[in-house]
file run-v9.cif (mmCIF, C-alpha atoms)
data_upload
#
loop_
_atom_site.label_atom_id
_atom_site.label_comp_id
_atom_site.auth_asym_id
_atom_site.auth_seq_id
_atom_site.Cartn_x
_atom_site.Cartn_y
_atom_site.Cartn_z
CA MET K 1 27.88 -137.21 -46.75
CA ILE K 2 26.70 -135.46 -43.62
CA ILE K 3 28.00 -131.96 -42.95
CA GLY K 4 27.83 -131.40 -39.20
CA GLY K 5 28.77 -133.74 -36.40
CA GLY K 6 26.56 -132.48 -33.59
CA PRO K 7 23.23 -134.00 -32.50
CA ALA K 8 21.53 -133.47 -35.87
CA GLY K 9 24.47 -134.97 -37.73
CA ALA K 10 24.65 -137.90 -35.33
CA LEU K 11 20.93 -138.62 -35.68
CA ALA K 12 21.26 -138.40 -39.47
CA ALA K 13 24.21 -140.81 -39.52
CA LEU K 14 22.40 -143.26 -37.24
CA ALA K 15 19.25 -143.11 -39.36
CA VAL K 16 21.09 -143.63 -42.66
CA THR K 17 23.08 -146.52 -41.19
CA ARG K 18 19.92 -148.04 -39.77
CA HIS K 19 18.30 -148.14 -43.20
CA GLY K 20 21.38 -149.58 -44.89
CA GLY K 21 22.66 -149.25 -48.39
CA ARG K 22 24.67 -146.08 -47.84
CA GLU K 23 28.19 -145.32 -46.78
CA VAL K 24 28.32 -142.44 -44.31
CA LEU K 25 31.01 -139.79 -44.09
CA VAL K 26 30.72 -137.00 -41.50
CA VAL K 27 32.47 -133.67 -42.08
CA ASP K 28 32.93 -131.59 -38.95
CA PRO K 29 35.99 -129.90 -37.43
CA ALA K 30 35.21 -131.19 -33.93
CA PRO K 31 37.38 -134.11 -32.78
CA ARG K 32 34.39 -135.79 -31.13
CA LEU K 33 31.11 -136.45 -32.92
CA GLY K 34 27.68 -136.49 -31.30
CA PRO K 35 27.37 -133.94 -28.48
CA GLY K 36 27.90 -130.72 -30.42
CA SER K 37 28.04 -127.58 -28.28
CA ALA K 38 24.63 -128.00 -26.63
CA TYR K 39 25.30 -131.45 -25.17
CA ALA K 40 29.04 -131.21 -24.56
CA THR K 41 28.58 -129.23 -21.35
CA ALA K 42 30.14 -130.69 -18.22
CA GLU K 43 27.93 -128.57 -15.94
CA ARG K 44 25.82 -130.97 -13.89
CA GLY K 45 23.18 -128.28 -13.47
CA HIS K 46 22.60 -128.08 -17.23
CA LEU K 47 19.71 -130.50 -17.46
CA LEU K 48 17.82 -131.72 -20.50
CA ASN K 49 14.70 -129.71 -21.21
CA SER K 50 12.79 -132.93 -21.90
CA ARG K 51 12.33 -136.12 -19.93
CA ALA K 52 14.68 -139.00 -20.70
CA GLY K 53 11.86 -141.10 -22.13
CA THR K 54 11.48 -138.77 -25.11
CA MET K 55 15.17 -138.59 -26.06
CA SER K 56 15.97 -141.93 -27.67
CA ALA K 57 18.05 -141.76 -30.85
CA ASP K 58 16.05 -144.67 -32.31
CA PRO K 59 12.37 -143.93 -33.01
CA ALA K 60 11.66 -147.67 -32.87
CA ASP K 61 13.10 -147.98 -29.35
CA PRO K 62 11.82 -145.03 -27.27
CA GLY K 63 13.28 -146.43 -24.04
CA ASP K 64 16.83 -146.70 -25.36
CA PHE K 65 18.27 -143.53 -23.83
CA ALA K 66 16.72 -144.05 -20.39
CA ALA K 67 18.02 -147.64 -20.37
CA TRP K 68 21.49 -146.50 -21.44
CA ALA K 69 21.56 -143.73 -18.82
CA ARG K 70 20.08 -146.07 -16.16
CA CYS K 71 17.47 -143.55 -15.18
CA ARG K 72 13.72 -143.34 -14.98
CA PRO K 73 11.97 -142.32 -18.21
CA ASP K 74 10.52 -139.28 -16.42
CA ALA K 75 13.93 -138.06 -15.20
CA PHE K 76 15.69 -134.87 -16.31
CA VAL K 77 19.35 -135.82 -16.62
CA PRO K 78 22.41 -133.63 -17.29
CA ARG K 79 22.81 -132.68 -20.93
CA GLY K 80 26.36 -134.00 -20.97
CA VAL K 81 24.98 -137.48 -20.31
CA PHE K 82 22.88 -137.25 -23.46
CA GLY K 83 25.92 -136.05 -25.41
CA ALA K 84 27.87 -139.10 -24.24
CA TYR K 85 24.93 -141.30 -25.25
CA LEU K 86 24.89 -139.90 -28.79
CA ALA K 87 28.64 -140.42 -29.12
CA ASP K 88 28.34 -143.97 -27.82
CA ARG K 89 25.43 -144.91 -30.08
CA LEU K 90 27.15 -143.36 -33.09
CA GLY K 91 30.33 -145.30 -32.48
CA PRO K 92 33.20 -145.17 -34.97
CA VAL K 93 32.14 -143.56 -38.22
CA PRO K 94 34.26 -142.20 -41.09
CA HIS K 95 35.01 -138.62 -40.10
CA VAL K 96 36.88 -135.77 -41.76
CA ALA K 97 37.80 -133.13 -39.16
CA ARG K 98 37.53 -130.15 -41.50
CA HIS K 99 35.13 -127.33 -42.37
CA ALA K 100 33.03 -127.74 -45.50
CA VAL K 101 33.28 -124.48 -47.44
CA ARG K 102 31.38 -125.21 -50.68
CA VAL K 103 29.01 -127.77 -52.16
CA ARG K 104 28.78 -127.99 -55.94
CA PRO K 105 27.30 -130.40 -58.50
CA ALA K 106 29.66 -133.13 -59.70
CA GLY K 107 28.29 -135.12 -62.60
CA PRO K 108 24.64 -135.96 -63.28
CA ARG K 109 23.93 -137.45 -59.85
CA GLY K 110 26.63 -136.41 -57.45
CA TRP K 111 28.11 -133.65 -55.34
CA ALA K 112 31.58 -132.35 -54.60
CA VAL K 113 32.19 -130.92 -51.13
CA GLU K 114 35.18 -128.61 -50.87
CA LEU K 115 36.96 -128.51 -47.52
CA ASN K 116 39.00 -125.77 -45.90
CA ASP K 117 42.24 -127.67 -46.41
CA GLY K 118 41.84 -127.46 -50.19
CA THR K 119 40.71 -131.05 -50.68
CA THR K 120 37.41 -132.21 -52.15
CA ARG K 121 35.21 -135.15 -51.20
CA ARG K 122 32.51 -136.58 -53.45
CA ALA K 123 29.12 -137.94 -52.45
CA SER K 124 25.87 -138.98 -54.08
CA ALA K 125 23.86 -137.06 -51.46
CA VAL K 126 24.62 -134.36 -48.90
CA VAL K 127 22.78 -133.74 -45.64
CA LEU K 128 23.31 -130.32 -44.10
CA ALA K 129 23.09 -130.76 -40.31
CA VAL K 130 25.17 -127.86 -39.06
CA GLY K 131 23.08 -126.88 -36.04
CA PRO K 132 21.81 -123.41 -35.16
CA PRO K 133 23.48 -120.24 -36.45
CA PRO K 134 25.37 -118.10 -33.91
CA PRO K 135 23.56 -115.17 -32.25
CA VAL K 136 23.37 -111.94 -34.21
CA PHE K 137 25.56 -109.09 -32.98
CA PRO K 138 23.30 -106.66 -31.06
CA SER K 139 22.09 -103.82 -33.28
CA ALA K 140 22.37 -101.38 -30.35
CA ALA K 141 26.05 -102.16 -29.75
CA SER K 142 28.87 -100.02 -31.07
CA VAL K 143 31.58 -101.63 -33.19
CA GLY K 144 34.07 -101.59 -30.32
CA VAL K 145 31.89 -103.95 -28.27
CA ARG K 146 32.62 -106.80 -30.66
CA ARG K 147 36.33 -106.66 -29.77
CA ALA K 148 35.93 -105.97 -26.05
CA SER K 149 37.23 -108.69 -23.74
CA GLY K 150 34.07 -108.63 -21.62
CA TYR K 151 31.71 -109.32 -24.51
CA VAL K 152 30.64 -112.96 -24.98
CA PRO K 153 29.22 -113.45 -28.50
CA VAL K 154 28.44 -117.19 -28.23
CA PRO K 155 27.79 -118.31 -24.64
CA TRP K 156 27.64 -122.04 -25.41
CA SER K 157 31.22 -122.14 -26.73
CA PRO K 158 33.59 -124.02 -24.38
CA GLY K 159 35.04 -121.68 -21.76
CA ALA K 160 32.98 -118.71 -22.98
CA LEU K 161 32.23 -117.48 -19.45
CA ASP K 162 35.59 -118.33 -17.88
CA HIS K 163 36.89 -114.75 -17.93
CA ILE K 164 33.95 -113.37 -15.92
CA ALA K 165 35.10 -112.64 -12.37
CA PRO K 166 32.90 -113.65 -9.41
CA ARG K 167 32.04 -110.05 -8.50
CA ASP K 168 31.41 -108.78 -12.03
CA ARG K 169 28.11 -107.15 -12.91
CA VAL K 170 26.83 -109.20 -15.82
CA LEU K 171 24.21 -108.28 -18.43
CA LEU K 172 22.52 -111.14 -20.27
CA LEU K 173 20.86 -110.10 -23.53
CA GLY K 174 17.92 -112.49 -23.63
CA THR K 175 15.82 -114.37 -21.08
CA GLY K 176 15.41 -117.76 -22.79
CA LEU K 177 17.02 -121.13 -22.22
CA THR K 178 20.46 -119.83 -23.19
CA ALA K 179 20.26 -117.16 -20.50
CA VAL K 180 19.11 -119.78 -17.98
CA ASP K 181 22.20 -121.86 -18.82
CA ALA K 182 24.46 -118.84 -18.37
CA VAL K 183 22.95 -118.05 -14.96
CA LEU K 184 23.37 -121.63 -13.78
CA THR K 185 26.98 -121.71 -14.95
CA LEU K 186 27.87 -118.47 -13.18
CA LEU K 187 26.14 -119.42 -9.94
CA SER K 188 27.76 -122.86 -9.90
CA ARG K 189 31.13 -121.07 -9.91
CA GLY K 190 30.25 -118.96 -6.89
CA HIS K 191 29.32 -115.79 -8.72
CA THR K 192 28.30 -113.05 -6.29
CA GLY K 193 27.99 -110.06 -8.63
CA ARG K 194 24.61 -108.97 -9.85
CA ILE K 195 23.25 -110.70 -12.96
CA VAL K 196 20.68 -108.81 -15.04
CA ALA K 197 18.78 -110.56 -17.84
CA VAL K 198 16.64 -108.48 -20.20
CA SER K 199 14.49 -109.04 -23.26
CA ARG K 200 11.60 -107.29 -24.96
CA HIS K 201 9.01 -109.34 -23.07
CA GLY K 202 11.10 -110.32 -20.04
CA LEU K 203 9.68 -113.85 -20.15
CA LEU K 204 11.52 -116.82 -18.71
CA PRO K 205 10.90 -120.41 -19.87
CA ARG K 206 8.09 -122.06 -17.95
CA ALA K 207 8.75 -125.22 -15.92
CA HIS K 208 7.74 -128.78 -16.58
CA ALA K 209 5.43 -130.27 -13.98
CA ASP K 210 7.13 -132.35 -11.30
CA ALA K 211 5.39 -135.46 -12.63
CA PRO K 212 4.49 -136.24 -16.25
CA GLY K 213 0.98 -135.21 -17.24
CA PRO K 214 -1.56 -137.38 -19.02
CA VAL K 215 -0.65 -138.68 -22.46
CA PRO K 216 -2.08 -136.22 -25.03
CA VAL K 217 -5.06 -137.52 -26.97
CA ALA K 218 -3.96 -138.21 -30.54
CA THR K 219 -5.87 -136.27 -33.18
CA ASP K 220 -5.31 -135.26 -36.77
CA ALA K 221 -7.53 -132.20 -36.51
CA VAL K 222 -5.73 -129.01 -37.51
CA PRO K 223 -6.89 -125.70 -35.97
CA ALA K 224 -8.16 -123.23 -38.55
CA GLY K 225 -5.94 -120.15 -38.58
CA LEU K 226 -4.53 -118.24 -35.64
CA ARG K 227 -7.94 -117.87 -34.02
CA GLY K 228 -8.50 -121.62 -34.06
CA LEU K 229 -5.01 -122.19 -32.67
CA LEU K 230 -5.63 -119.83 -29.75
CA CYS K 231 -9.03 -121.40 -29.04
CA GLU K 232 -7.51 -124.87 -28.80
CA LEU K 233 -4.70 -123.71 -26.53
CA ARG K 234 -7.17 -122.01 -24.20
CA ALA K 235 -9.64 -124.90 -24.14
CA SER K 236 -7.68 -127.08 -21.71
CA ALA K 237 -7.52 -126.51 -17.97
CA ASP K 238 -3.90 -127.73 -18.10
CA TRP K 239 -1.90 -125.57 -20.51
CA ARG K 240 0.95 -128.10 -20.55
CA ALA K 241 -1.38 -130.83 -21.80
CA SER K 242 -2.77 -128.48 -24.44
CA VAL K 243 0.69 -127.51 -25.73
CA ASP K 244 1.91 -131.13 -25.71
CA ALA K 245 -1.18 -132.32 -27.57
CA LEU K 246 -0.60 -129.71 -30.25
CA ARG K 247 3.11 -130.42 -30.67
CA PRO K 248 2.82 -133.35 -33.17
CA ARG K 249 0.55 -131.21 -35.36
CA VAL K 250 2.42 -127.92 -35.19
CA ASP K 251 4.01 -128.20 -38.62
CA HIS K 252 0.63 -128.96 -40.19
CA VAL K 253 -0.83 -125.97 -38.37
CA TRP K 254 2.07 -123.78 -39.46
CA ALA K 255 1.75 -124.87 -43.10
CA GLY K 256 -1.97 -124.06 -42.98
CA LEU K 257 -1.41 -120.45 -41.94
CA THR K 258 -1.16 -117.76 -44.56
CA LEU K 259 2.10 -115.86 -44.83
CA ASP K 260 0.41 -112.87 -43.20
CA GLU K 261 -0.79 -115.05 -40.29
CA GLN K 262 2.71 -116.47 -39.86
CA ARG K 263 4.12 -112.95 -39.69
CA ARG K 264 1.50 -111.93 -37.12
CA PHE K 265 2.34 -115.02 -35.08
CA LEU K 266 6.01 -114.04 -35.10
CA ARG K 267 5.23 -110.48 -34.02
CA HIS K 268 2.71 -111.18 -31.28
CA LEU K 269 2.66 -114.82 -30.19
CA ALA K 270 5.98 -116.52 -30.94
CA ARG K 271 7.68 -115.64 -27.66
CA TYR K 272 4.69 -116.80 -25.61
CA TRP K 273 4.63 -120.08 -27.49
CA GLU K 274 8.37 -120.58 -26.99
CA VAL K 275 8.35 -120.18 -23.20
CA HIS K 276 5.44 -122.61 -22.84
CA ARG K 277 6.63 -125.12 -25.44
CA HIS K 278 10.36 -125.20 -24.61
CA ARG K 279 10.12 -125.64 -20.87
CA CYS K 280 12.93 -126.23 -18.39
CA ALA K 281 13.31 -128.95 -15.80
CA PRO K 282 11.60 -128.33 -12.43
CA GLY K 283 14.96 -128.26 -10.64
CA VAL K 284 16.31 -125.66 -13.05
CA ALA K 285 13.22 -123.48 -12.62
CA ALA K 286 13.57 -123.73 -8.83
CA ALA K 287 17.22 -122.64 -8.99
CA ILE K 288 16.30 -119.60 -11.12
CA ASP K 289 13.45 -118.69 -8.78
CA GLN K 290 15.80 -118.92 -5.81
CA ALA K 291 18.37 -116.68 -7.51
CA ARG K 292 15.70 -114.08 -8.24
CA ALA K 293 14.35 -114.21 -4.68
CA ALA K 294 17.88 -113.69 -3.30
CA GLY K 295 18.50 -110.71 -5.59
CA ALA K 296 21.33 -112.46 -7.42
CA LEU K 297 19.34 -112.38 -10.66
CA VAL K 298 17.15 -109.56 -11.95
CA VAL K 299 14.93 -110.18 -14.97
CA GLY K 300 13.43 -107.25 -16.85
CA ALA K 301 11.25 -106.45 -19.86
CA THR K 302 12.95 -103.60 -21.66
CA ARG K 303 14.77 -102.59 -24.80
CA VAL K 304 18.51 -101.94 -24.94
CA THR K 305 19.09 -98.81 -27.01
CA ALA K 306 22.88 -98.53 -26.80
CA ILE K 307 25.93 -100.52 -25.66
CA HIS K 308 29.33 -98.85 -25.58
CA SER K 309 32.62 -100.36 -24.45
CA ARG K 310 34.66 -98.43 -21.91
CA PRO K 311 38.23 -98.92 -20.65
CA ARG K 312 36.69 -101.04 -17.90
CA GLY K 313 33.43 -102.69 -18.87
CA PHE K 314 30.40 -101.37 -20.73
CA GLU K 315 27.92 -98.55 -20.57
CA VAL K 316 24.44 -99.78 -21.44
CA THR K 317 21.39 -97.60 -22.09
CA PHE K 318 17.91 -98.98 -21.47
CA ALA K 319 14.78 -97.48 -23.02
CA ASP K 320 13.01 -97.17 -19.67
CA SER K 321 15.74 -96.70 -17.07
CA GLY K 322 18.68 -94.84 -18.54
CA GLN K 323 22.30 -95.89 -18.31
CA GLN K 324 23.90 -98.65 -16.24
CA SER K 325 27.43 -100.02 -16.09
CA PHE K 326 28.37 -103.69 -16.50
CA ASP K 327 31.63 -105.61 -16.45
CA ALA K 328 30.46 -108.25 -18.93
CA VAL K 329 27.78 -108.53 -21.62
CA VAL K 330 26.67 -112.00 -22.74
CA ASN K 331 24.69 -112.43 -25.96
CA CYS K 332 21.93 -114.89 -25.02
CA THR K 333 19.53 -113.92 -27.79
CA GLY K 334 19.58 -117.43 -29.22
CA PRO K 335 20.19 -118.67 -32.76
CA GLY K 336 20.64 -115.96 -35.34
CA HIS K 337 20.02 -115.91 -39.08
CA ALA K 338 21.13 -118.70 -41.38
CA ALA K 339 23.45 -116.22 -43.13
CA GLY K 340 25.62 -116.42 -40.01
CA ILE K 341 26.87 -119.78 -41.27
CA PRO K 342 29.56 -119.35 -43.97
CA LEU K 343 28.58 -122.50 -45.87
CA VAL K 344 24.98 -121.29 -46.10
CA ARG K 345 26.14 -117.97 -47.55
CA THR K 346 28.10 -119.88 -50.19
CA LEU K 347 25.11 -122.09 -51.04
CA VAL K 348 22.96 -118.99 -51.51
CA ALA K 349 25.62 -117.25 -53.62
CA ASP K 350 25.86 -120.34 -55.82
CA GLY K 351 22.10 -120.48 -56.29
CA LEU K 352 21.67 -123.81 -54.51
CA ALA K 353 19.76 -122.26 -51.59
CA LYS K 354 17.67 -119.21 -50.82
CA ALA K 355 16.06 -117.69 -47.76
CA ASP K 356 12.61 -118.92 -46.80
CA PRO K 357 9.75 -116.41 -47.21
CA LEU K 358 9.99 -115.32 -43.55
CA GLY K 359 13.77 -115.00 -43.53
CA LEU K 360 14.13 -117.40 -40.59
CA GLY K 361 16.24 -120.04 -42.30
CA ILE K 362 16.69 -121.48 -45.78
CA ASP K 363 13.89 -122.68 -48.01
CA VAL K 364 13.12 -126.40 -48.16
CA ASP K 365 10.35 -128.56 -49.56
CA ALA K 366 8.21 -131.04 -47.62
CA ALA K 367 11.01 -133.65 -47.84
CA GLY K 368 13.63 -131.28 -46.43
CA ARG K 369 15.40 -130.76 -49.80
CA LEU K 370 17.01 -127.38 -50.43
CA VAL K 371 15.05 -125.08 -52.69
CA GLY K 372 17.39 -123.12 -54.92
CA ARG K 373 17.34 -119.72 -56.55
CA HIS K 374 14.89 -120.84 -59.23
CA GLY K 375 12.34 -122.17 -56.72
CA ARG K 376 12.82 -125.88 -57.36
CA PRO K 377 13.98 -128.50 -54.82
CA THR K 378 17.35 -130.08 -55.51
CA GLU K 379 17.58 -133.85 -55.32
CA GLY K 380 20.45 -135.01 -53.14
CA LEU K 381 20.73 -131.87 -50.98
CA HIS K 382 18.89 -132.16 -47.65
CA VAL K 383 18.66 -130.04 -44.51
CA LEU K 384 17.98 -131.06 -40.90
CA GLY K 385 17.22 -128.99 -37.84
CA SER K 386 17.03 -125.28 -37.18
CA LEU K 387 17.79 -124.16 -40.74
CA ARG K 388 14.32 -125.46 -41.69
CA ARG K 389 12.71 -122.98 -39.32
CA GLY K 390 10.82 -120.86 -41.82
CA ARG K 391 9.02 -123.80 -43.42
CA TRP K 392 8.90 -126.12 -40.39
CA TRP K 393 8.22 -124.27 -37.16
CA GLU K 394 8.96 -127.20 -34.81
CA THR K 395 12.42 -128.15 -35.99
CA THR K 396 14.92 -127.57 -33.17
CA ALA K 397 14.22 -130.28 -30.56
CA ILE K 398 15.63 -133.80 -30.62
CA PRO K 399 12.31 -135.63 -31.29
CA GLU K 400 11.59 -133.48 -34.34
CA ILE K 401 15.15 -133.73 -35.70
CA ARG K 402 15.03 -137.49 -35.12
CA SER K 403 11.86 -137.70 -37.24
CA GLN K 404 13.45 -135.56 -39.96
CA ALA K 405 16.55 -137.78 -40.01
CA HIS K 406 14.37 -140.88 -40.30
CA ALA K 407 12.42 -139.40 -43.22
CA VAL K 408 15.59 -138.34 -45.06
CA ALA K 409 17.16 -141.77 -44.53
CA VAL K 410 14.06 -143.53 -45.87
CA GLY K 411 14.12 -141.29 -48.93
CA LEU K 412 17.81 -141.88 -49.55
CA SER K 413 17.42 -145.65 -49.22
CA ALA K 414 15.13 -145.60 -52.27
CA VAL K 415 17.77 -143.92 -54.44
CA PRO K 416 20.74 -145.88 -55.87
CA ALA K 417 23.87 -145.06 -53.89
CA HIS K 418 27.23 -143.92 -55.23
CA HIS K 419 30.35 -144.24 -53.13
CA ALA K 420 31.75 -141.20 -51.39
CA ALA K 421 35.39 -140.36 -51.93
#
call {"tool": "encode", "arguments": {"input": "run-v9.cif", "output": "structure tokens"}}
result
Amino acid sequence: MIIGGGPAGALAALAVTRHGGREVLVVDPAPRLGPGSAYATAERGHLLNSRAGTMSADPADPGDFAAWARCRPDAFVPRGVFGAYLADRLGPVPHVARHAVRVRPAGPRGWAVELNDGTTRRASAVVLAVGPPPPVFPSAASVGVRRASGYVPVPWSPGALDHIAPRDRVLLLGTGLTAVDAVLTLLSRGHTGRIVAVSRHGLLPRAHADAPGPVPVATDAVPAGLRGLLCELRASADWRASVDALRPRVDHVWAGLTLDEQRRFLRHLARYWEVHRHRCAPGVAAAIDQARAAGALVVGATRVTAIHSRPRGFEVTFADSGQQSFDAVVNCTGPGHAAGIPLVRTLVADGLAKADPLGLGIDVDAAGRLVGRHGRPTEGLHVLGSLRRGRWWETTAIPEIRSQAHAVAVGLSAVPAHHAA
């Protein structure tokens, strides 16, 4: 059974089906499987952050998506096209449109998944592919902000920005890819009010080069510690080539760092890595640059110390510039903590899961199996995607999730299957 019907769930279902021997049942409340929230967007300006040639659902057929989309492998196509591709490749699959609320052992080699309608489904293995947790409510915001009509807690939800009027002053909390999407959406609707995006560093995602760079030289060498990592990144004249060459080895590098080094990376280097690693399409970067040049978008490095709702809008206090008024506040801080997912909280309460040592996700072993309260991996409970973040640093992009799904499917194919019910 696969819990989650977005991209991670779709890739898991495709991988398990590809390896045969298992019935697949997907549990997700969405009526349509595959796109999830990230790839369900109808905005033509929301482009993939990777070239089409890297986005195939089948690791054995890297050109599949580009062929399906009838585009060049080096093209950046709308994200909605990729969502349609996942749905098409997934095809009809047994699907229960419900929320999974609890997973518990059922017999010596099975699991019972309780759904929000009171029913229970049984499976011999469960794959948790629920996608990223929602953003955390801003610590500087007063309680009333949560209920205010101008506050947008999850900007990638359908229609999340629809209530923002064209002349509204909008504050985006965050300057990453989510904020970029929000800016593009507002501008495509003729927004004329000022948009301000802030974060601690004020860094926007860097752009891909107009043309693909040279293929990175394959190597198994793993940089020694943070110093070795920085030396390798600085050794290349082309930073994009250096980052891309390191990408296949990132998890080995991450596993080789001490816990103290990992914490130092999070404090001092993580944001710089993110903006260089998770780049945006050249056309998207050009649109953002144009908005900044025209004064429609202001990007700042600062800290928000207070947000209060008012009868009309919000009063926001910045550490370096005092108070400003906004009509809307959009939380673009990105995925929050795993505890923001109700099913994860239940798994932790039941002892089947625990936080990873860095508190970024939930603990897993090298095979992606959940590690429970007693520190041992549990056979038959697997995790894909962003919830692996503490143990696997590169775990949010399609190529990495595709590899995880393949590995889980291979592992499951070696275990005798029991029918789901």
call {"tool": "residues_around", "arguments": {"input": "run-v9.cif", "residues": "Arg194 in chain K", "least_positions_apart": "4", "cutoff": "7 Å", "atoms": "all atoms listed in the file", "output": "PyMOL selection string"}}
result
chain K and resi 169-170+296-297
call {"tool": "write_last_selection", "arguments": {"input": "run-v9.cif", "atoms": "C-alpha atoms", "output": "PDB file, in the coordinates of the input"}}
result
ATOM      1  CA  ARG K 169      28.110-107.150 -12.910  1.00  0.00           C
ATOM      2  CA  VAL K 170      26.830-109.200 -15.820  1.00  0.00           C
ATOM      3  CA  ALA K 296      21.330-112.460  -7.420  1.00  0.00           C
ATOM      4  CA  LEU K 297      19.340-112.380 -10.660  1.00  0.00           C
TER       5      LEU K 297
END
call {"tool": "closest_residue", "arguments": {"input": "run-v9.cif", "among": "K:Pro133, K:Arg227, K:Thr305, K:Arg277", "to": "Thr317 in chain K", "atoms": "all atoms listed in the file"}}
result
K:Thr305
call {"tool": "residues_around", "arguments": {"input": "run-v9.cif", "residues": "Ser413 in chain K", "least_positions_apart": "3", "cutoff": "12 Å", "atoms": "all atoms listed in the file", "output": "PyMOL selection string"}}
result
chain K and resi 15-23+124-125+380+406-410+416-418
call {"tool": "residues_around", "arguments": {"input": "run-v9.cif", "residues": "Leu47 in chain K", "least_positions_apart": "4", "cutoff": "12 Å", "atoms": "all atoms listed in the file", "output": "ChimeraX atom specification"}}
result
/K:38-43,51-52,75-83,177,180-181,184-185,279-285,287
call {"tool": "resolve_selection", "arguments": {"input": "run-v9.cif", "expression": "the PyMOL selection byres ((chain K and resi 252) around 10)", "output": "list in words"}}
result
Asp220, Ala221, Val222, Pro223, Arg247, Pro248, Arg249, Val250, Asp251, Val253, Trp254, Ala255, Gly256, Leu257, Trp392 and Trp393 of chain K
call {"tool": "resolve_selection", "arguments": {"input": "run-v9.cif", "expression": "the PyMOL selection byres ((chain K and resi 328-331) around 6)", "output": "count of residues only"}}
result
12
call {"tool": "residues_near_point", "arguments": {"input": "run-v9.cif", "point": "(24.5, -139.8, -29.4)", "cutoff": "6 Å", "atoms": "all atoms listed in the file", "output": "PyMOL selection string"}}
result
chain K and resi 34+83+85-90
call {"tool": "closest_residue", "arguments": {"input": "run-v9.cif", "among": "K:Gly300, K:Gly4, K:Gly144, K:Pro357", "to": "Ala319 in chain K", "atoms": "all atoms listed in the file"}}
result
K:Gly300
call {"tool": "resolve_selection", "arguments": {"input": "run-v9.cif", "expression": "the PyMOL selection byres ((chain K and resi 381) around 7)", "output": "ChimeraX atom specification"}}
result
/K:125-127,369-370,378-380,382
call {"tool": "decode", "arguments": {"input": "run-v9.cif", "residues": "range 83-95 of chain K", "atoms": "N, CA and C atoms", "output": "short mmCIF file (atom, residue, chain, number, x, y, z; two decimals), in the first residue's frame"}}
result
data_model
loop_
_atom_site.label_atom_id
_atom_site.label_comp_id
_atom_site.auth_asym_id
_atom_site.auth_seq_id
_atom_site.Cartn_x
_atom_site.Cartn_y
_atom_site.Cartn_z
N GLY K 83 2.93 17.06 -14.46
CA GLY K 83 1.87 16.44 -13.67
C GLY K 83 0.97 15.57 -14.52
N ALA K 84 0.64 16.06 -15.72
CA ALA K 84 -0.19 15.28 -16.64
C ALA K 84 0.55 14.01 -17.09
N TYR K 85 1.84 14.13 -17.27
CA TYR K 85 2.66 12.98 -17.67
C TYR K 85 2.64 11.90 -16.59
N LEU K 86 2.81 12.30 -15.32
CA LEU K 86 2.78 11.33 -14.24
C LEU K 86 1.42 10.63 -14.18
N ALA K 87 0.35 11.40 -14.31
CA ALA K 87 -0.99 10.81 -14.28
C ALA K 87 -1.18 9.84 -15.43
N ASP K 88 -0.68 10.21 -16.60
CA ASP K 88 -0.83 9.35 -17.78
C ASP K 88 -0.02 8.07 -17.63
N ARG K 89 1.21 8.18 -17.18
CA ARG K 89 2.05 6.99 -17.03
C ARG K 89 1.53 6.09 -15.92
N LEU K 90 0.95 6.67 -14.88
CA LEU K 90 0.41 5.87 -13.80
C LEU K 90 -0.80 5.09 -14.25
N GLY K 91 -1.66 5.75 -15.04
CA GLY K 91 -2.85 5.07 -15.54
C GLY K 91 -3.80 4.70 -14.42
N PRO K 92 -4.76 3.81 -14.71
CA PRO K 92 -5.69 3.39 -13.66
C PRO K 92 -4.99 2.51 -12.64
N VAL K 93 -5.15 2.83 -11.40
CA VAL K 93 -4.55 2.07 -10.31
C VAL K 93 -5.55 2.05 -9.16
N PRO K 94 -5.68 0.95 -8.44
CA PRO K 94 -6.61 0.93 -7.30
C PRO K 94 -6.33 2.09 -6.35
N HIS K 95 -7.37 2.82 -6.02
CA HIS K 95 -7.22 4.10 -5.31
C HIS K 95 -8.35 4.25 -4.31
#
